[in-house]
Number of protein chains: 2
Amino acid sequence: METKSTESGCAGIETVTTAAAELRVKTLSFGQSDFEAVLEERLAYGEESDEQVNERVAAIIEAVKRRGDDAVLEYTERFDRFKVGSVSELEVTKVQMQRALNGLDDEVRTALEAAAERIEQYHKKQTQASWQYSDEMGNRLGQQVRALDRVGIYVPGGKASYPSSVLMNAIPAKVAGVEEIIMVAPAPDGDLNPMVLAAASIAGVDRIFKLGGAQAVAALAYGTETLPAVDKIVGPGNIYVATAKRMVFGKVGIDMIAGPSEILVVCDGQTPVDWIVKDLFSQAEHDEDAQSILISTDNVFLEAVQTEIAKLLEEQPRKEIIKASLERRGLMIHVDTLDQAVMLINAIAPEHLELSVEEPEVLLPKIRHAGAIFMGRYTAEALGDYCAGPNHVLPTSGTARFASPLGVYDFQKRSSIIHCSPQGAQTLGRTASVLAKGESLYAHAQSAEARLEGGARDNR
Amino acid sequence: METKSTESGCAGIETVTTAAAELRVKTLSFGQSDFEAVLEERLAYGEESDEQVNERVAAIIEAVKRRGDDAVLEYTERFDRFKVGSVSELEVTKVQMQRALNGLDDEVRTALEAAAERIEQYHKKQTQASWQYSDEMGNRLGQQVRALDRVGIYVPGGKASYPSSVLMNAIPAKVAGVEEIIMVAPAPDGDLNPMVLAAASIAGVDRIFKLGGAQAVAALAYGTETLPAVDKIVGPGNIYVATAKRMVFGKVGIDMIAGPSEILVVCDGQTPVDWIVKDLFSQAEHDEDAQSILISTDNVFLEAVQTEIAKLLEEQPRKEIIKASLERRGLMIHVDTLDQAVMLINAIAPEHLELSVEEPEVLLPKIRHAGAIFMGRYTAEALGDYCAGPNHVLPTSGTARFASPLGVYDFQKRSSIIHCSPQGAQTLGRTASVLAKGESLYAHAQSAEARLEGGARDNR
């Protein structure tokens with residue numbers, strides 16, 4: 001297709017039209033001989049930091065660690081063409097935040113506030129409480145849950161600078177009880193998206209710095225003279241940001257390294273065709289690497305979707321991105337039964353799963369791996385992306401096998417509590433002593449034995 | 001001290017005795033002029049993967065990824081001097097596991113089983129349940145909690161091959177409902193510690209492979225012809241294992257990268273001196289990098305501890321390690337008040353915190369950061385290490401600021417659930433549409449709008 005467009009010698013609209021009309025999403029039938037190979041090829045995605053990226057990022061982190069503010073200023077001038085005399089000049093003032101909020105269109109402000117309200121409501125259900133219990137020996141055991149002290153939120157610049165992401169990253173931290181939330185966002189030539197500032201204001205972000213890239217991650221991890229070190233860094237970013245997060249992991253906590261966004265729609269063929277096409281488009285429009293997969297038991301429906309895609313693509317403002325994404329990574333799979341669909345869901349572990357079927361609740365208990373599950377015909381993924389309440393920061397690229405949506409639990413942590421009674425220390429001490437000696441840890445054994453009957457003393 | 005011993009020209013016992021008698025743990029007073037600098041120097045610990053380690057590990061991972069079993073066999077022969085014809089020969093049979101269990105000394109078996117029972121009891125309190133609720137529009141929202149399918153547990157060889165760690169890593173996974181637990185442990189010359197095998201048997205480990213190092217981590221992450229890929233890898237290891245875990249993070253989940261173990265004991269001076277000394281020794285005996293810190297309001301008590309250390313050190317089977325650890329990383333801090341102690345606790349965020357004071361429950365609510373808190377004079381850390389119930393895998397090196405003890409929650413993950421009613425899709429759809437347009441994501445807006453009143457249709 002690409003070759004043809006190029007050969008035609010026509011740039012612009014005509015070329016695009018030709019190509020669009022020709023778009024046909026790759027199709028598979030469950031169980032066809034090359035099924036697994038094709039599926040694997042479509043799912044494969046490898047954005048790995050190469051050696052050069054690793055070296056650059058390591059140098060930036062080292063520079064910020066050693067030279068603090070000075071290094072931050074130099075990199076910001078070099079990468080964002082934004083020159084200021086001190087890091088404090090990179091900080092957005094409360095007045096500027098308030099001005100961004102006041103400058104919002106009424107409709108947008110109402111929508112942002114409604115979304116924030118629902119996100120807060122949902123996340124409040126995730127808070128975890130401390131607990132304790134006594135055992136039969138009178139020992140007290142438990143877990144104390146506490147919020148992190150200070151958290152950094154990275155907000156990307158450019159096309160991925162989304163106010164909704166600010167809400168989704170900041171509100172769970174706020175609900176957890178984090179005392180200080182520091183947001184960083186690159187501001188090429190000094191400019192920040194006012195909607196992002198307004199969203200930060202609504203979400204309760206405490207401080208914002210116009211700072212991006214690996215230098216922002218390094219500054220948050222190690223602190224500088226002006227920017228305080230945080231305990232955890234969350235939020236998506238480009239390959240430099242992702243590499244920097246991986247490198248500072250251990251010094252601070254980090255969230256998952258996000259891959260491209262994906263959706264898996266399962267449809268029984270009874271949902272309006274254009275709804276499903278729009279759902280697939282809404283994923284594909286993110287970027288060329290985004291992935292939309294449709295599984296259906298109905299071959300006629302799949303064919304209707306192909307036709308509708310060709311028809312609706314033309315009017316899409318982001319049609320070039322959608323087309324590239326569907327061509328490179330899109331997939332339609334025909335299955336014989338919904339149980340086959342469930343098998344595929346659990347193998348793929350999709351970030352977004354839409355169950356556009358008559359009885360989604362029948363499938364739900366069988367689903368082991370998915371970031372978020374959109375149930376029924378009315379639950380467009382877009383509703384969850386913005387305002388249903390659950391988080392839109394979700395495990396991508398099959399990581400739903402072991403990872404969860406971003407949540408309040410990511411901003412809380414636990415301390416074990418053990419309070420042995422004098423009596424409990426006898427019984428436990430004997431067990432501990434035996435096991436410690438079995439591991440040749442003799443001081444462990446002595447420490448346990450010191451509390452045994454014979455050793456029970458009081459210094460006072 | 002080192003110089004003197006060398007100059008004396010005497011090797012062996014005499015040198016050690018001289019050195020031991022001279023051991024005096026570094027002392028600080030809260031607020032002295034160089035307080036922060038000395039504290040920082042003592043706390044500093046940097047085991048970073050150097051370039052050479054990174055390159056070697058990357059090559060091992062790549063080889064295992066490409067050549068599977070063959071690469072695993074080659075590395076096992078090279079690094080563990082253990083040559084077998086196939087990876088299945090590296091697997092420990094059920095019969096061998098049972099034999100190890102039967103071969104245990106009765107006292108040890110009883111102690112291991114008692115510990116396992118208490119660890120299971122405690123961890124059952126950590127299980128998280130799925131939840132759902134309906135909002136005022138009839139939308140259903142919630143979170144579905146599921147166990148990971150398959151988990152890998154790394155058990156180090158040599159001095160850190162602890163049966164107690166097998167219990168602590170495997171039991172939470174079992175309680176979470178993980179279907180298959182695969183343990184790997186290096187077996188130099190083919191030998192595995194039978195107590196480790198027995199502990200694995202008691203904890204319900206499903207399969208064990210005599211396999212270690214970066215090659216074991218790579219095999220667990222990517223799978224080979226014989227060894228199935230897992231979803232998460234937990235357990236400590238040397239720098240090669242830690243580097244490999246960091247590199248495969250994202251393909252699989254990993255637990256924290258553990259640093260050396262540390263304890264912070266706070267004592268009001270009323271606990272028997274030898275109890276405290278044995279507690280400090282029990283930490284120091286782990287390895288030369290382990291850290292024991294004692295904080296007290298009582299200068300006389302601190303002096304008594306110094307004297308007792310010199311006295312008790314001689315009879316310690318692991319005195320060389322204890323001495324090295326206390327000399328290099330040990331610290332005693334005199335504070336004026338327990339509130340100053342709390343301030344230090346929260347700044348240090350210790351892995352183990354022992355509150356050997358009259359009313360530990362008064363301090364507890366003020367403690368923000370600690371892996372595990374041992375309350376009162378009778379709760380020796382050793383009791384928690386083996387059998388009190390809570391996990392002994394804890395965040396080290398100040399990472400308690402953002403991380404938690406290993407727990408059932410590390411082997412469960414969540415999927416968001418969103419089920420919009422036709423009515424709910426109206427209200428949410430309008431909000432989503434406004435926000436999507438604000439982010440120039442037009443297909444998102446269309447997908448939401450498709451479900452609005454005018455667009456509500458049924459295909460059937």
# chains A, B, ... in the order shown; residues from 1 in each chain; ligands from 1

$ residues_around --residues "Arg414 (chain B)" --least-positions-apart "5" --cutoff "9 Å" --atoms "only C-alpha atoms" --output "JSON, numbers by chain"
{"A": [369, 370, 371, 372, 400, 402, 403, 404, 405], "B": [130, 143, 144, 145, 146, 147]}

$ interface_residues --of "chain B" --to "chain A" --cutoff "6 Å" --atoms "only C-alpha atoms" --output "VMD selection string"
chain B and resid 111 148 231 270 to 272 278 to 279 281 to 282 370 to 375 378 to 379 382 to 383 386 402 to 404 413 to 420 422 431 to 432 443 to 444 447 to 448 459 to 460

$ atom_distance --atom1 "CA of Lys210 (chain B)" --atom2 "CA of Glu288 (chain B)"
27.6 Å

$ residues_around --residues "Val72 (chain B)" --least-positions-apart "3" --cutoff "12 Å" --atoms "only C-alpha atoms" --output "PyMOL selection string"
chain B and resi 60-69+75-80+82-90+186+209-220+222-227

$ select_by_dssp --residues "region 89-226 of chain B" --states "strand (DSSP E or B)" --output "ChimeraX atom specification"
/B:91-92,131-134,140-147,150-154,180-185,207-210

$ select_by_dssp --residues "region 139-358 of chain A" --states "alpha helix (DSSP H)" --output "ChimeraX atom specification"
/A:163-176,194-203,213-222,239-248,273-284,299-313,319-329,338-348

$ residues_around --residues "Lys94 (chain A)" --least-positions-apart "2" --cutoff "10 Å" --atoms "only C-alpha atoms" --output "ChimeraX atom specification"
/A:91-92,96-100,201,206-208

$ write_last_selection --atoms "C-alpha atoms" --output "CSV table (one decimal), in the first residue's frame"
chain,number,residue,atom,x,y,z
A,91,GLU,CA,8.3,26.8,39.5
A,92,VAL,CA,4.8,27.7,38.6
A,96,GLN,CA,-0.4,31.1,37.7
A,97,MET,CA,-2.2,27.9,38.7
A,98,GLN,CA,-5.3,29.9,39.8
A,99,ARG,CA,-5.2,31.9,36.6
A,100,ALA,CA,-5.2,28.8,34.5
A,201,SER,CA,-5.1,22.8,40.6
A,206,ASP,CA,1.2,21.2,45.7
A,207,ARG,CA,4.0,22.4,43.5
A,208,ILE,CA,4.7,22.4,39.8

$ closest_residue --among "A:Ala129, A:Ala347, A:Ala304, A:Val155" --to "Val241 (chain A)" --atoms "only C-alpha atoms"
A:Val155

$ atom_distance --atom1 "CA of Thr127 (chain B)" --atom2 "CA of Val175 (chain B)"
7.6 Å
